[in-house]
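Printed here is input08.cif (mmCIF, C-alpha atoms):
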data_input
#
loop_
_atom_site.label_atom_id
_atom_site.label_comp_id
_atom_site.auth_asym_id
_atom_site.auth_seq_id
_atom_site.Cartn_x
_atom_site.Cartn_y
_atom_site.Cartn_z
CA MET N 1 74.67 94.24 66.98
CA ILE N 2 73.06 95.39 70.19
CA ASN N 3 71.42 98.74 69.96
CA LEU N 4 72.56 100.33 73.19
CA ASP N 5 70.03 103.13 72.92
CA SER N 6 67.19 100.63 73.13
CA ILE N 7 68.31 99.55 76.59
CA SER N 8 66.66 101.91 78.96
CA THR N 9 69.05 103.19 81.61
CA ARG N 10 66.14 103.90 83.90
CA PRO N 11 63.90 100.96 84.67
CA LYS N 12 60.18 101.41 84.46
CA MET N 13 58.66 103.51 87.22
CA ASN N 14 55.02 102.69 87.79
CA VAL N 15 52.68 105.25 89.27
CA THR N 16 50.01 104.55 91.86
CA SER N 17 47.91 106.48 94.35
CA SER N 18 46.24 106.03 97.71
CA HIS N 19 42.82 105.99 96.07
CA LEU N 20 40.92 102.71 95.87
CA SER N 21 38.62 102.53 92.87
CA ARG N 22 35.38 100.61 92.51
CA GLU N 23 37.33 97.98 90.53
CA ASN N 24 39.74 97.61 93.44
CA HIS N 25 36.89 96.98 95.88
CA TRP N 26 35.33 94.45 93.52
CA ASP N 27 38.69 92.71 93.21
CA HIS N 28 38.96 92.58 97.01
CA PHE N 29 35.52 91.02 97.24
CA LEU N 30 36.45 88.36 94.69
CA ALA N 31 39.68 87.62 96.56
CA ARG N 32 37.74 87.20 99.81
CA VAL N 33 35.34 84.67 98.31
CA GLY N 34 38.25 82.79 96.76
CA TYR N 35 37.48 83.48 93.10
CA GLN N 36 40.67 82.89 91.07
CA ARG N 37 42.55 82.96 94.30
CA ASN N 38 45.97 83.10 92.72
CA GLN N 39 45.23 85.82 90.23
CA HIS N 40 44.87 88.92 92.41
CA ARG N 41 48.26 90.23 91.43
CA VAL N 42 50.12 93.49 91.02
CA GLU N 43 53.08 93.70 88.68
CA PRO N 44 56.30 93.48 90.73
CA GLY N 45 58.56 96.53 90.52
CA LEU N 46 58.90 100.07 91.77
CA TYR N 47 55.89 102.36 92.17
CA ALA N 48 55.81 106.07 92.89
CA ILE N 49 53.03 107.36 95.14
CA GLY N 50 52.45 111.13 95.42
CA ASN N 51 55.42 113.21 94.28
CA PRO N 52 58.47 111.45 95.72
CA THR N 53 62.02 112.80 95.67
CA SER N 54 65.30 110.95 96.11
CA SER N 55 65.00 111.27 99.89
CA SER N 56 61.44 109.89 100.11
CA PRO N 57 60.71 106.70 102.07
CA VAL N 58 60.56 103.28 100.36
CA PHE N 59 57.87 100.83 101.45
CA VAL N 60 58.09 97.15 100.55
CA SER N 61 55.00 95.09 99.72
CA ALA N 62 53.81 91.83 98.17
CA ASN N 63 52.32 91.54 94.69
CA TYR N 64 48.94 90.50 96.10
CA THR N 65 46.29 93.16 95.51
CA LEU N 66 44.95 93.00 99.09
CA SER N 67 48.46 93.60 100.48
CA PHE N 68 49.45 96.30 98.00
CA ASP N 69 46.10 98.11 98.30
CA ALA N 70 46.14 97.97 102.11
CA LEU N 71 49.52 99.70 102.00
CA ARG N 72 48.82 102.38 99.42
CA SER N 73 45.35 103.26 100.76
CA ASN N 74 47.01 104.10 104.08
CA LEU N 75 49.58 106.41 102.48
CA VAL N 76 47.22 109.34 101.99
CA GLY N 77 49.28 112.48 101.46
CA VAL N 78 52.57 110.57 101.68
CA ASP N 79 55.18 110.98 98.94
CA GLY N 80 57.21 107.82 98.57
CA TYR N 81 57.99 104.63 96.71
CA ILE N 82 56.53 101.16 96.94
CA LEU N 83 58.83 98.28 96.06
CA VAL N 84 56.57 95.39 95.09
CA LEU N 85 58.22 91.99 95.45
CA ASP N 86 57.23 89.01 93.34
CA THR N 87 55.44 86.86 95.91
CA GLN N 88 53.38 85.06 93.25
CA GLY N 89 50.16 86.68 94.29
CA ILE N 90 50.49 85.67 97.96
CA ASN N 91 50.06 88.02 100.92
CA VAL N 92 53.03 89.27 102.94
CA TRP N 93 52.84 86.91 105.93
CA CYS N 94 52.20 83.70 104.00
CA ALA N 95 54.81 84.68 101.40
CA ALA N 96 57.33 85.35 104.18
CA GLY N 97 56.68 81.81 105.42
CA LYS N 98 57.54 80.52 101.95
CA LYS N 99 60.49 82.98 101.72
CA THR N 100 59.15 84.47 98.49
CA PHE N 101 58.77 87.63 100.53
CA GLY N 102 62.39 87.18 101.47
CA THR N 103 65.98 88.36 101.58
CA GLU N 104 66.80 86.93 98.16
CA GLU N 105 63.81 88.53 96.42
CA ILE N 106 64.53 91.92 98.03
CA VAL N 107 68.15 91.81 96.83
CA ILE N 108 67.02 90.87 93.30
CA ARG N 109 64.23 93.46 93.20
CA ILE N 110 66.49 96.28 94.43
CA ALA N 111 68.92 95.45 91.62
CA ALA N 112 66.22 95.06 88.97
CA THR N 113 64.60 98.41 89.79
CA ARG N 114 67.97 100.14 90.35
CA LEU N 115 66.56 101.47 93.56
CA ALA N 116 69.97 102.65 94.76
CA GLN N 117 70.00 105.15 91.89
CA VAL N 118 66.41 106.26 92.36
CA VAL N 119 66.78 107.15 96.04
CA SER N 120 69.71 108.57 97.94
CA GLN N 121 68.46 107.48 101.37
CA ARG N 122 69.15 103.87 102.43
CA VAL N 123 66.16 102.70 104.46
CA LEU N 124 63.46 100.21 103.48
CA ILE N 125 60.25 100.13 105.51
CA LEU N 126 58.91 96.56 105.61
CA PRO N 127 55.67 95.29 107.08
CA GLN N 128 56.56 93.50 110.32
CA LEU N 129 54.93 90.30 109.08
CA GLY N 130 57.54 90.11 106.31
CA ALA N 131 60.14 89.31 108.98
CA PRO N 132 59.78 85.48 108.91
CA GLY N 133 61.23 85.63 105.38
CA VAL N 134 63.70 88.48 105.69
CA SER N 135 67.00 88.73 107.49
CA ALA N 136 67.50 92.45 108.07
CA HIS N 137 71.25 92.24 108.65
CA GLN N 138 71.75 90.20 105.47
CA VAL N 139 69.81 92.72 103.39
CA LYS N 140 71.99 95.47 104.84
CA GLN N 141 75.13 93.52 104.10
CA ARG N 142 74.16 92.69 100.54
CA THR N 143 72.46 95.90 99.39
CA GLY N 144 73.43 98.66 101.81
CA PHE N 145 69.77 99.23 102.63
CA LYS N 146 68.77 99.17 106.28
CA VAL N 147 65.54 97.27 106.92
CA GLU N 148 63.13 98.95 109.26
CA TYR N 149 60.18 96.83 110.37
CA GLY N 150 57.06 98.95 110.41
CA PRO N 151 53.78 98.04 112.08
CA VAL N 152 51.86 94.80 111.46
CA ARG N 153 48.85 96.67 110.07
CA ALA N 154 49.13 99.28 107.31
CA GLU N 155 46.49 101.39 109.07
CA ASP N 156 49.09 102.16 111.77
CA LEU N 157 51.53 103.56 109.18
CA PRO N 158 50.53 107.23 109.43
CA GLU N 159 51.31 107.22 113.15
CA TYR N 160 54.43 105.15 112.61
CA LEU N 161 55.72 107.63 110.01
CA ARG N 162 55.43 110.46 112.55
CA THR N 163 57.44 108.70 115.26
CA HIS N 164 59.34 105.88 113.47
CA THR N 165 58.71 103.68 116.46
CA ALA N 166 56.05 101.00 116.59
CA THR N 167 54.19 100.71 119.87
CA PRO N 168 53.76 97.22 121.38
CA ALA N 169 50.13 97.32 120.18
CA MET N 170 51.30 97.94 116.61
CA ARG N 171 53.65 94.95 116.91
CA GLN N 172 50.99 92.54 118.11
CA VAL N 173 49.03 90.34 115.73
CA ASN N 174 45.37 90.01 116.63
CA PHE N 175 42.61 87.77 115.39
CA SER N 176 39.61 90.01 115.91
CA LEU N 177 36.00 89.09 115.33
CA ARG N 178 36.18 91.14 112.15
CA ASP N 179 39.28 89.26 110.96
CA ARG N 180 37.56 85.97 111.65
CA PHE N 181 34.37 87.04 109.88
CA THR N 182 36.36 87.87 106.77
CA LEU N 183 37.54 84.26 106.56
CA ILE N 184 34.08 82.67 106.64
CA PRO N 185 33.12 82.96 102.93
CA MET N 186 36.29 81.21 101.76
CA ASP N 187 35.81 78.08 103.86
CA LEU N 188 32.06 78.02 103.38
CA ILE N 189 32.34 78.22 99.59
CA HIS N 190 35.07 75.60 99.69
CA LEU N 191 32.80 73.05 101.37
CA ILE N 192 29.37 73.93 100.05
CA LEU N 193 29.31 71.60 97.03
CA PRO N 194 30.50 68.43 98.80
CA THR N 195 28.12 69.30 101.65
CA LEU N 196 25.11 69.52 99.34
CA LEU N 197 26.09 66.26 97.63
CA VAL N 198 26.38 64.37 100.91
CA ALA N 199 23.14 65.97 102.14
CA LEU N 200 21.34 64.70 99.02
CA VAL N 201 22.74 61.21 99.50
CA PHE N 202 21.59 61.24 103.13
CA TYR N 203 18.19 62.59 102.13
CA PHE N 204 17.50 59.74 99.73
CA LEU N 205 19.40 56.89 101.38
CA LEU N 206 19.32 57.54 105.11
CA GLY N 207 15.76 58.37 105.79
CA GLY N 208 15.00 61.92 104.96
CA LEU N 209 15.22 65.47 106.04
CA ILE N 210 16.82 65.33 109.49
CA PRO N 211 20.01 63.48 108.44
CA ALA N 212 20.33 65.84 105.45
CA LEU N 213 19.92 68.87 107.73
CA ALA N 214 22.52 67.39 110.05
CA VAL N 215 25.04 67.44 107.18
CA LEU N 216 24.27 71.11 106.49
CA ALA N 217 24.52 71.90 110.21
CA VAL N 218 27.97 70.30 110.38
CA THR N 219 29.35 72.51 107.62
CA ILE N 220 27.72 75.69 108.88
CA SER N 221 28.86 75.02 112.41
CA GLY N 222 32.44 74.20 111.41
CA THR N 223 32.94 76.99 108.91
CA THR N 224 30.79 79.79 110.32
CA LEU N 225 30.07 79.35 114.04
CA PHE N 226 33.57 78.12 114.84
CA PRO N 227 35.49 81.19 113.58
CA ILE N 228 33.00 83.47 115.33
CA LEU N 229 33.08 81.62 118.66
CA LEU N 230 36.78 80.67 118.59
CA PRO N 231 38.02 82.64 121.63
CA TRP N 232 35.06 81.64 123.79
CA LEU N 233 35.06 77.91 123.18
CA PRO N 234 36.70 76.03 126.05
CA SER N 235 40.23 74.54 125.89
CA HIS N 236 43.21 75.56 123.77
CA ASN N 237 43.22 73.01 120.96
CA PHE N 238 41.15 73.65 117.88
CA SER N 239 40.01 69.99 117.86
CA THR N 240 38.69 69.98 121.42
CA LYS N 241 37.02 73.34 120.83
CA GLY N 242 35.49 71.73 117.73
CA PHE N 243 34.30 68.66 119.64
CA PHE N 244 32.62 70.94 122.15
CA LEU N 245 30.91 73.05 119.47
CA GLY N 246 30.07 69.86 117.60
CA PHE N 247 28.39 68.34 120.62
CA LEU N 248 26.21 71.47 121.02
CA THR N 249 25.36 71.34 117.31
CA ALA N 250 24.48 67.64 117.50
CA LEU N 251 22.27 67.92 120.61
CA PRO N 252 19.09 69.09 118.82
CA PHE N 253 19.51 66.31 116.27
CA GLY N 254 19.98 63.77 119.03
CA PHE N 255 16.81 64.95 120.78
CA SER N 256 14.89 65.09 117.50
CA VAL N 257 15.02 61.28 117.29
CA PHE N 258 12.74 60.93 120.33
CA PHE N 259 10.17 63.33 118.85
CA MET N 260 10.33 62.03 115.30
CA HIS N 261 10.08 58.35 116.20
CA PRO N 262 7.99 58.09 119.38
CA THR N 263 6.91 54.55 118.56
CA TRP N 264 10.42 53.11 118.39
CA THR N 265 11.89 51.09 121.22
CA TRP N 266 14.10 53.04 123.59
CA TYR N 267 17.28 51.37 122.39
CA HIS N 268 16.49 52.21 118.78
CA GLN N 269 15.92 55.84 119.75
CA THR N 270 19.02 56.05 121.90
CA GLY N 271 21.13 54.28 119.29
CA LEU N 272 20.23 56.70 116.52
CA ALA N 273 20.60 59.70 118.85
CA LEU N 274 24.07 58.48 119.81
CA GLY N 275 24.86 58.17 116.13
CA TYR N 276 24.31 61.91 115.71
CA LEU N 277 26.17 62.73 118.93
CA LEU N 278 29.22 60.74 117.87
CA ALA N 279 29.46 61.40 114.14
CA MET N 280 28.64 65.12 113.94
CA PRO N 281 31.15 66.41 116.54
CA ALA N 282 33.92 64.36 114.90
CA VAL N 283 33.44 65.98 111.50
CA ILE N 284 33.02 69.44 113.00
CA ALA N 285 36.20 68.96 115.05
CA PHE N 286 38.03 67.99 111.87
CA ILE N 287 36.86 71.13 110.04
CA CYS N 288 37.92 73.19 113.07
CA LEU N 289 41.34 71.53 113.17
CA ASN N 290 41.82 72.67 109.59
CA PHE N 291 41.17 76.25 110.65
CA THR N 292 44.57 76.26 112.42
CA GLY N 293 46.21 77.44 109.20
CA SER N 294 43.85 80.41 108.96
CA SER N 295 44.50 81.47 112.54
CA THR N 296 47.31 83.82 113.51
CA PHE N 297 48.85 81.97 116.42
CA THR N 298 49.19 78.18 116.03
CA SER N 299 52.71 76.72 115.99
CA ARG N 300 53.80 73.77 113.91
CA THR N 301 54.74 71.83 117.03
CA GLY N 302 51.32 72.46 118.56
CA VAL N 303 49.34 71.56 115.45
CA ARG N 304 51.32 68.38 115.03
CA ARG N 305 50.72 67.39 118.66
CA GLU N 306 47.06 68.20 118.29
CA MET N 307 46.78 66.12 115.11
CA PHE N 308 48.42 63.06 116.66
CA ALA N 309 46.26 63.30 119.76
CA CYS N 310 42.91 64.20 118.25
CA ILE N 311 42.59 62.76 114.73
CA PRO N 312 42.35 59.16 116.03
CA ALA N 313 39.57 60.28 118.40
CA MET N 314 37.77 61.92 115.48
CA ALA N 315 38.10 58.76 113.38
CA TRP N 316 36.76 56.47 116.12
CA SER N 317 33.94 58.82 117.03
CA PHE N 318 32.93 59.30 113.39
CA GLY N 319 33.17 55.60 112.56
CA ALA N 320 31.11 54.55 115.56
CA GLY N 321 28.53 57.27 114.95
CA LEU N 322 28.15 56.45 111.27
CA ILE N 323 27.74 52.74 111.92
CA MET N 324 25.13 53.41 114.61
CA THR N 325 23.23 55.82 112.36
CA ILE N 326 23.14 53.34 109.51
CA VAL N 327 22.33 50.34 111.70
CA PHE N 328 19.52 52.04 113.57
CA ALA N 329 18.12 53.71 110.47
CA PHE N 330 17.68 50.39 108.71
CA VAL N 331 17.39 47.70 111.32
CA ARG N 332 13.97 47.59 112.85
CA MET X 1 43.38 69.23 130.21
CA PHE X 2 45.57 68.38 127.20
CA ASP X 3 47.04 71.52 125.63
CA ALA X 4 48.91 70.82 122.39
CA TYR X 5 50.29 74.35 122.37
CA ALA X 6 51.96 74.26 125.78
CA VAL X 7 55.33 73.30 124.27
CA ASN X 8 57.31 74.52 121.25
CA THR X 9 60.85 74.49 119.85
CA LEU X 10 61.90 78.04 120.76
CA THR X 11 65.21 78.30 122.63
CA TYR X 12 67.05 81.45 123.62
CA HIS X 13 70.58 81.93 124.96
CA GLU X 14 70.69 85.20 126.81
CA ASP X 15 74.51 85.20 127.01
CA ALA X 16 74.72 85.70 123.25
CA CYS X 17 72.25 88.64 123.19
CA ASN X 18 73.74 91.95 121.99
CA GLY X 19 70.68 93.97 122.93
CA CYS X 20 69.69 95.00 119.40
CA ALA X 21 65.97 94.38 120.20
CA MET X 22 65.27 93.03 116.72
CA CYS X 23 63.45 90.01 118.21
CA VAL X 24 61.12 92.34 120.09
CA ALA X 25 60.42 94.23 116.86
CA VAL X 26 59.63 91.20 114.69
CA CYS X 27 57.71 88.98 117.11
CA PRO X 28 53.95 89.07 116.39
CA HIS X 29 53.07 87.69 119.82
CA SER X 30 55.24 89.72 122.23
CA VAL X 31 57.28 86.70 123.26
CA PHE X 32 60.36 88.86 123.98
CA GLU X 33 60.79 92.02 126.01
CA MET X 34 63.86 94.21 126.61
CA GLN X 35 65.07 94.34 130.20
CA ASP X 36 68.41 95.94 131.12
CA ARG X 37 69.55 95.97 127.48
CA LYS X 38 68.98 92.26 127.11
CA ALA X 39 66.07 90.48 125.52
CA GLN X 40 64.06 88.33 127.91
CA LEU X 41 61.71 85.49 127.06
CA ILE X 42 58.55 86.65 128.76
CA ARG X 43 55.83 84.63 126.98
CA PRO X 44 57.52 81.52 125.54
CA SER X 45 54.28 79.56 125.19
CA ALA X 46 52.81 82.28 122.92
CA CYS X 47 55.44 81.45 120.27
CA MET X 48 53.95 80.30 116.94
CA GLU X 49 57.33 79.27 115.50
CA CYS X 50 57.22 81.73 112.58
CA GLY X 51 61.01 81.99 112.74
CA ALA X 52 61.24 85.78 112.37
CA CYS X 53 63.32 86.26 115.54
CA GLN X 54 65.85 83.62 114.61
CA LEU X 55 66.27 84.99 111.08
CA ASN X 56 66.78 88.54 112.38
CA CYS X 57 69.03 87.72 115.33
CA VAL X 58 72.52 88.72 114.23
CA THR X 59 74.30 86.85 117.03
CA GLY X 60 72.38 83.59 116.64
CA ALA X 61 71.08 83.71 120.21
CA ILE X 62 67.67 82.39 119.17
CA ALA X 63 66.82 79.02 117.68
CA VAL X 64 63.41 77.77 116.61
CA GLU X 65 62.22 75.10 114.21
CA SER X 66 59.96 77.23 112.08
CA GLY X 67 57.23 75.92 109.84
CA VAL X 68 53.56 76.25 108.99
CA GLY X 69 51.17 75.64 111.86
CA CYS X 70 48.49 74.43 109.49
CA ALA X 71 46.81 71.04 109.88
CA SER X 72 45.55 71.04 106.33
CA ALA X 73 49.06 71.58 104.90
CA MET X 74 50.43 68.78 107.09
CA LEU X 75 47.65 66.41 106.07
CA TRP X 76 48.30 67.10 102.39
CA ALA X 77 52.00 66.52 102.94
CA ALA X 78 51.28 63.24 104.74
CA LEU X 79 48.91 62.09 101.98
CA ARG X 80 51.52 62.79 99.32
CA GLY X 81 54.21 61.07 101.33
CA LYS X 82 56.21 64.25 101.93
CA THR X 83 57.87 64.95 105.23
CA GLU X 84 57.84 68.75 105.02
CA ALA X 85 54.48 70.53 104.92
CA GLU X 86 54.08 73.44 102.54
CA CYS X 87 51.31 75.99 102.32
CA ASN X 88 48.95 75.05 99.53
CA CYS X 89 46.35 77.74 99.94
CA GLY X 90 47.42 79.27 96.63
#
Mind turning the file's structure into structure tokens?
Amino acid sequence: MINLDSISTRPKMNVTSSHLSRENHWDHFLARVGYQRNQHRVEPGLYAIGNPTSSSPVFVSANYTLSFDALRSNLVGVDGYILVLDTQGINVWCAAGKKTFGTEEIVIRIAATRLAQVVSQRVLILPQLGAPGVSAHQVKQRTGFKVEYGPVRAEDLPEYLRTHTATPAMRQVNFSLRDRFTLIPMDLIHLILPTLLVALVFYFLLGGLIPALAVLAVTISGTTLFPILLPWLPSHNFSTKGFFLGFLTALPFGFSVFFMHPTWTWYHQTGLALGYLLAMPAVIAFICLNFTGSSTFTSRTGVRREMFACIPAMAWSFGAGLIMTIVFAFVR
Amino acid sequence: MFDAYAVNTLTYHEDACNGCAMCVAVCPHSVFEMQDRKAQLIRPSACMECGACQLNCVTGAIAVESGVGCASAMLWAALRGKTEAECNCG
């Protein structure tokens, strides 16, 4: 027989605050360097912040610590509720793309937390970047809650809560130098091991320090210089920007041939220099192309067009450069 | 010079617009603007095909083929023989 008393009529209400502890900051650091990338999670459900009443606002967030903490740390002095969706540890925007931050999950989570009984008001404040996964009119139809899209950035919430209108600046996604800096560790750490391995192979098999340094330069240029210089590199495509940056990175290596091997014939020197100038930009352009997913503005159509147009060029350039490097490093 | 991002799949039928301004609210790149109670496409080439406007347009005035603008996801999909790219960042 089912013991009816054991079934709680009120679902669990978690309590949180706007304060970020030392553990929270450490967790953010680990998330930024990609350590256990999928495990920076908050338990989905309803959270009370401050001393909310039944008329207090409800904010919706993802169960990724960086998302949840960005929201709550900007609710200083605000009494309200946070409805945390199960986005499987993914941030709001990416989860919206996968629809885990989506209409269906909101409907389920409202039912599971019995939100309609906790609050008497019928407005949900969503981060604007949740919109690619959420259909506001469908949520309204299915739950009675009106979806209000707040600002893109949680730091604009205090002002938004005063006026309940988001200015065009609050609606606009940026990709500031600071944003781009934050992404560097992830890509760098991702590539550092294969880079060191290839550098070692080059060091022992391809004639020493300069080829090995060239490998390191490729990774540093593609993962570090590219995000920093992104808006200032010429052209619109990430690949052509990458080729340009790659050419600049390869130039010193190309010139180094003439200083390192003054006794070689001119065609040996030029051949090896061309090897650097063809192979390095190709790999750097490829790393840069892969940064499209980290950026905040590339469309699927554009990336696809860019891939079809530029990957063959990268392959030819890399192939020719590698062959020249090997040929002119060994054939005397 | 070749610009891969000069074209996209966003289409908008002004006749169907009811003036709710939801597209203006959800667009992260200010592609739409309200003029005389109708949404206007003011920066179509800034569209990143996230699909938020289409999903939140109650009259179906907006259509866009949304998807991830991520080369790495598309390459993974191609390598695994899938036609639809999915985020695999985690």
- Taking only C-alpha atoms into account, report as a PyMOL selection string which residues of chain N lie within 8 Å of chain X. chain N and resi 37-38+90+94+97-98+128-129+131-137+149+152+168+171-173+235-237+289-294+297-307
- Task: Apply the PyMOL selection byres ((chain X and resi 12) around 8) to the displayed file and report the matching residues as a list in words.
- Result: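 Applied to this file, the PyMOL selection byres ((chain X and resi 12) around 8) selects Leu10, Thr11, His13, Glu14, Leu41, Ala61, Ile62 and Ala63 of chain X.
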- Query: In Å to one decimal, how far is CA of Asn51 (chain N) from CA of Trp93 (chain N)?
  - Reply: 28.9 Å
- Shell around Thr270 (chain N) at 10 Å using all atoms listed in the file, local window under 5 positions removed, as a PyMOL selection string: chain N and resi 254-255+257-258+264-265+275+324+328
Within 7 Å of Val58 (chain N) using only C-alpha atoms, minus same-chain residues under 5 positions, as a PDB file with C-alpha atoms, in the coordinates of the input:
ATOM      1  CA  GLY N  80      57.210 107.820  98.570  1.00  0.00           C
ATOM      2  CA  TYR N  81      57.990 104.630  96.710  1.00  0.00           C
ATOM      3  CA  ILE N  82      56.530 101.160  96.940  1.00  0.00           C
ATOM      4  CA  LEU N  83      58.830  98.280  96.060  1.00  0.00           C
ATOM      5  CA  VAL N 123      66.160 102.700 104.460  1.00  0.00           C
ATOM      6  CA  LEU N 124      63.460 100.210 103.480  1.00  0.00           C
ATOM      7  CA  ILE N 125      60.250 100.130 105.510  1.00  0.00           C
TER       8      ILE N 125
END
Place N, CA and C atoms on region 75-100 of chain N and deliver the coordinates as a PDB file, keeping the file's coordinate frame.
ATOM      1  N   LEU N  75      48.518 105.418 102.703  1.00  0.00           N
ATOM      2  CA  LEU N  75      49.580 106.410 102.480  1.00  0.00           C
ATOM      3  C   LEU N  75      48.990 107.700 101.905  1.00  0.00           C
ATOM      4  N   VAL N  76      47.854 108.106 102.440  1.00  0.00           N
ATOM      5  CA  VAL N  76      47.220 109.340 101.990  1.00  0.00           C
ATOM      6  C   VAL N  76      48.128 110.533 102.291  1.00  0.00           C
ATOM      7  N   GLY N  77      48.456 111.288 101.263  1.00  0.00           N
ATOM      8  CA  GLY N  77      49.280 112.480 101.460  1.00  0.00           C
ATOM      9  C   GLY N  77      50.758 112.192 101.658  1.00  0.00           C
ATOM     10  N   VAL N  78      51.156 110.924 101.507  1.00  0.00           N
ATOM     11  CA  VAL N  78      52.570 110.570 101.680  1.00  0.00           C
ATOM     12  C   VAL N  78      53.232 110.502 100.298  1.00  0.00           C
ATOM     13  N   ASP N  79      54.399 111.114 100.163  1.00  0.00           N
ATOM     14  CA  ASP N  79      55.180 110.980  98.940  1.00  0.00           C
ATOM     15  C   ASP N  79      56.245 109.916  99.168  1.00  0.00           C
ATOM     16  N   GLY N  80      56.230 108.880  98.356  1.00  0.00           N
ATOM     17  CA  GLY N  80      57.210 107.820  98.570  1.00  0.00           C
ATOM     18  C   GLY N  80      57.227 106.814  97.441  1.00  0.00           C
ATOM     19  N   TYR N  81      57.898 105.708  97.696  1.00  0.00           N
ATOM     20  CA  TYR N  81      57.990 104.630  96.710  1.00  0.00           C
ATOM     21  C   TYR N  81      57.493 103.344  97.338  1.00  0.00           C
ATOM     22  N   ILE N  82      56.900 102.499  96.487  1.00  0.00           N
ATOM     23  CA  ILE N  82      56.530 101.160  96.940  1.00  0.00           C
ATOM     24  C   ILE N  82      57.310 100.168  96.088  1.00  0.00           C
ATOM     25  N   LEU N  83      58.104  99.338  96.756  1.00  0.00           N
ATOM     26  CA  LEU N  83      58.830  98.280  96.060  1.00  0.00           C
ATOM     27  C   LEU N  83      58.002  97.005  96.190  1.00  0.00           C
ATOM     28  N   VAL N  84      57.427  96.574  95.065  1.00  0.00           N
ATOM     29  CA  VAL N  84      56.570  95.390  95.090  1.00  0.00           C
ATOM     30  C   VAL N  84      57.393  94.161  94.732  1.00  0.00           C
ATOM     31  N   LEU N  85      57.480  93.229  95.680  1.00  0.00           N
ATOM     32  CA  LEU N  85      58.220  91.990  95.450  1.00  0.00           C
ATOM     33  C   LEU N  85      57.354  90.997  94.686  1.00  0.00           C
ATOM     34  N   ASP N  86      57.999  90.051  94.013  1.00  0.00           N
ATOM     35  CA  ASP N  86      57.230  89.010  93.340  1.00  0.00           C
ATOM     36  C   ASP N  86      56.977  87.870  94.322  1.00  0.00           C
ATOM     37  N   THR N  87      55.802  87.897  94.951  1.00  0.00           N
ATOM     38  CA  THR N  87      55.440  86.860  95.910  1.00  0.00           C
ATOM     39  C   THR N  87      54.434  85.883  95.300  1.00  0.00           C
ATOM     40  N   GLN N  88      54.291  85.946  93.991  1.00  0.00           N
ATOM     41  CA  GLN N  88      53.380  85.060  93.250  1.00  0.00           C
ATOM     42  C   GLN N  88      51.929  85.188  93.709  1.00  0.00           C
ATOM     43  N   GLY N  89      51.558  86.422  93.957  1.00  0.00           N
ATOM     44  CA  GLY N  89      50.160  86.680  94.290  1.00  0.00           C
ATOM     45  C   GLY N  89      49.769  86.264  95.694  1.00  0.00           C
ATOM     46  N   ILE N  90      50.761  86.103  96.581  1.00  0.00           N
ATOM     47  CA  ILE N  90      50.490  85.670  97.960  1.00  0.00           C
ATOM     48  C   ILE N  90      50.738  86.852  98.898  1.00  0.00           C
ATOM     49  N   ASN N  91      49.941  86.925  99.958  1.00  0.00           N
ATOM     50  CA  ASN N  91      50.060  88.020 100.920  1.00  0.00           C
ATOM     51  C   ASN N  91      51.408  87.992 101.656  1.00  0.00           C
ATOM     52  N   VAL N  92      51.717  89.093 102.326  1.00  0.00           N
ATOM     53  CA  VAL N  92      53.030  89.270 102.940  1.00  0.00           C
ATOM     54  C   VAL N  92      53.391  88.146 103.923  1.00  0.00           C
ATOM     55  N   TRP N  93      52.489  87.853 104.864  1.00  0.00           N
ATOM     56  CA  TRP N  93      52.840  86.910 105.930  1.00  0.00           C
ATOM     57  C   TRP N  93      53.033  85.496 105.395  1.00  0.00           C
ATOM     58  N   CYS N  94      52.088  85.045 104.571  1.00  0.00           N
ATOM     59  CA  CYS N  94      52.200  83.700 104.000  1.00  0.00           C
ATOM     60  C   CYS N  94      53.421  83.613 103.087  1.00  0.00           C
ATOM     61  N   ALA N  95      53.662  84.679 102.300  1.00  0.00           N
ATOM     62  CA  ALA N  95      54.810  84.680 101.400  1.00  0.00           C
ATOM     63  C   ALA N  95      56.111  84.669 102.191  1.00  0.00           C
ATOM     64  N   ALA N  96      56.132  85.352 103.332  1.00  0.00           N
ATOM     65  CA  ALA N  96      57.330  85.350 104.180  1.00  0.00           C
ATOM     66  C   ALA N  96      57.601  83.936 104.679  1.00  0.00           C
ATOM     67  N   GLY N  97      56.529  83.207 104.998  1.00  0.00           N
ATOM     68  CA  GLY N  97      56.680  81.810 105.420  1.00  0.00           C
ATOM     69  C   GLY N  97      57.311  80.959 104.340  1.00  0.00           C
ATOM     70  N   LYS N  98      56.965  81.267 103.077  1.00  0.00           N
ATOM     71  CA  LYS N  98      57.540  80.520 101.950  1.00  0.00           C
ATOM     72  C   LYS N  98      58.840  81.142 101.472  1.00  0.00           C
ATOM     73  N   LYS N  99      59.267  82.234 102.079  1.00  0.00           N
ATOM     74  CA  LYS N  99      60.490  82.980 101.720  1.00  0.00           C
ATOM     75  C   LYS N  99      60.418  83.630 100.341  1.00  0.00           C
ATOM     76  N   THR N 100      59.236  83.717  99.745  1.00  0.00           N
ATOM     77  CA  THR N 100      59.150  84.470  98.490  1.00  0.00           C
ATOM     78  C   THR N 100      59.113  85.965  98.821  1.00  0.00           C
TER      79      THR N 100
END
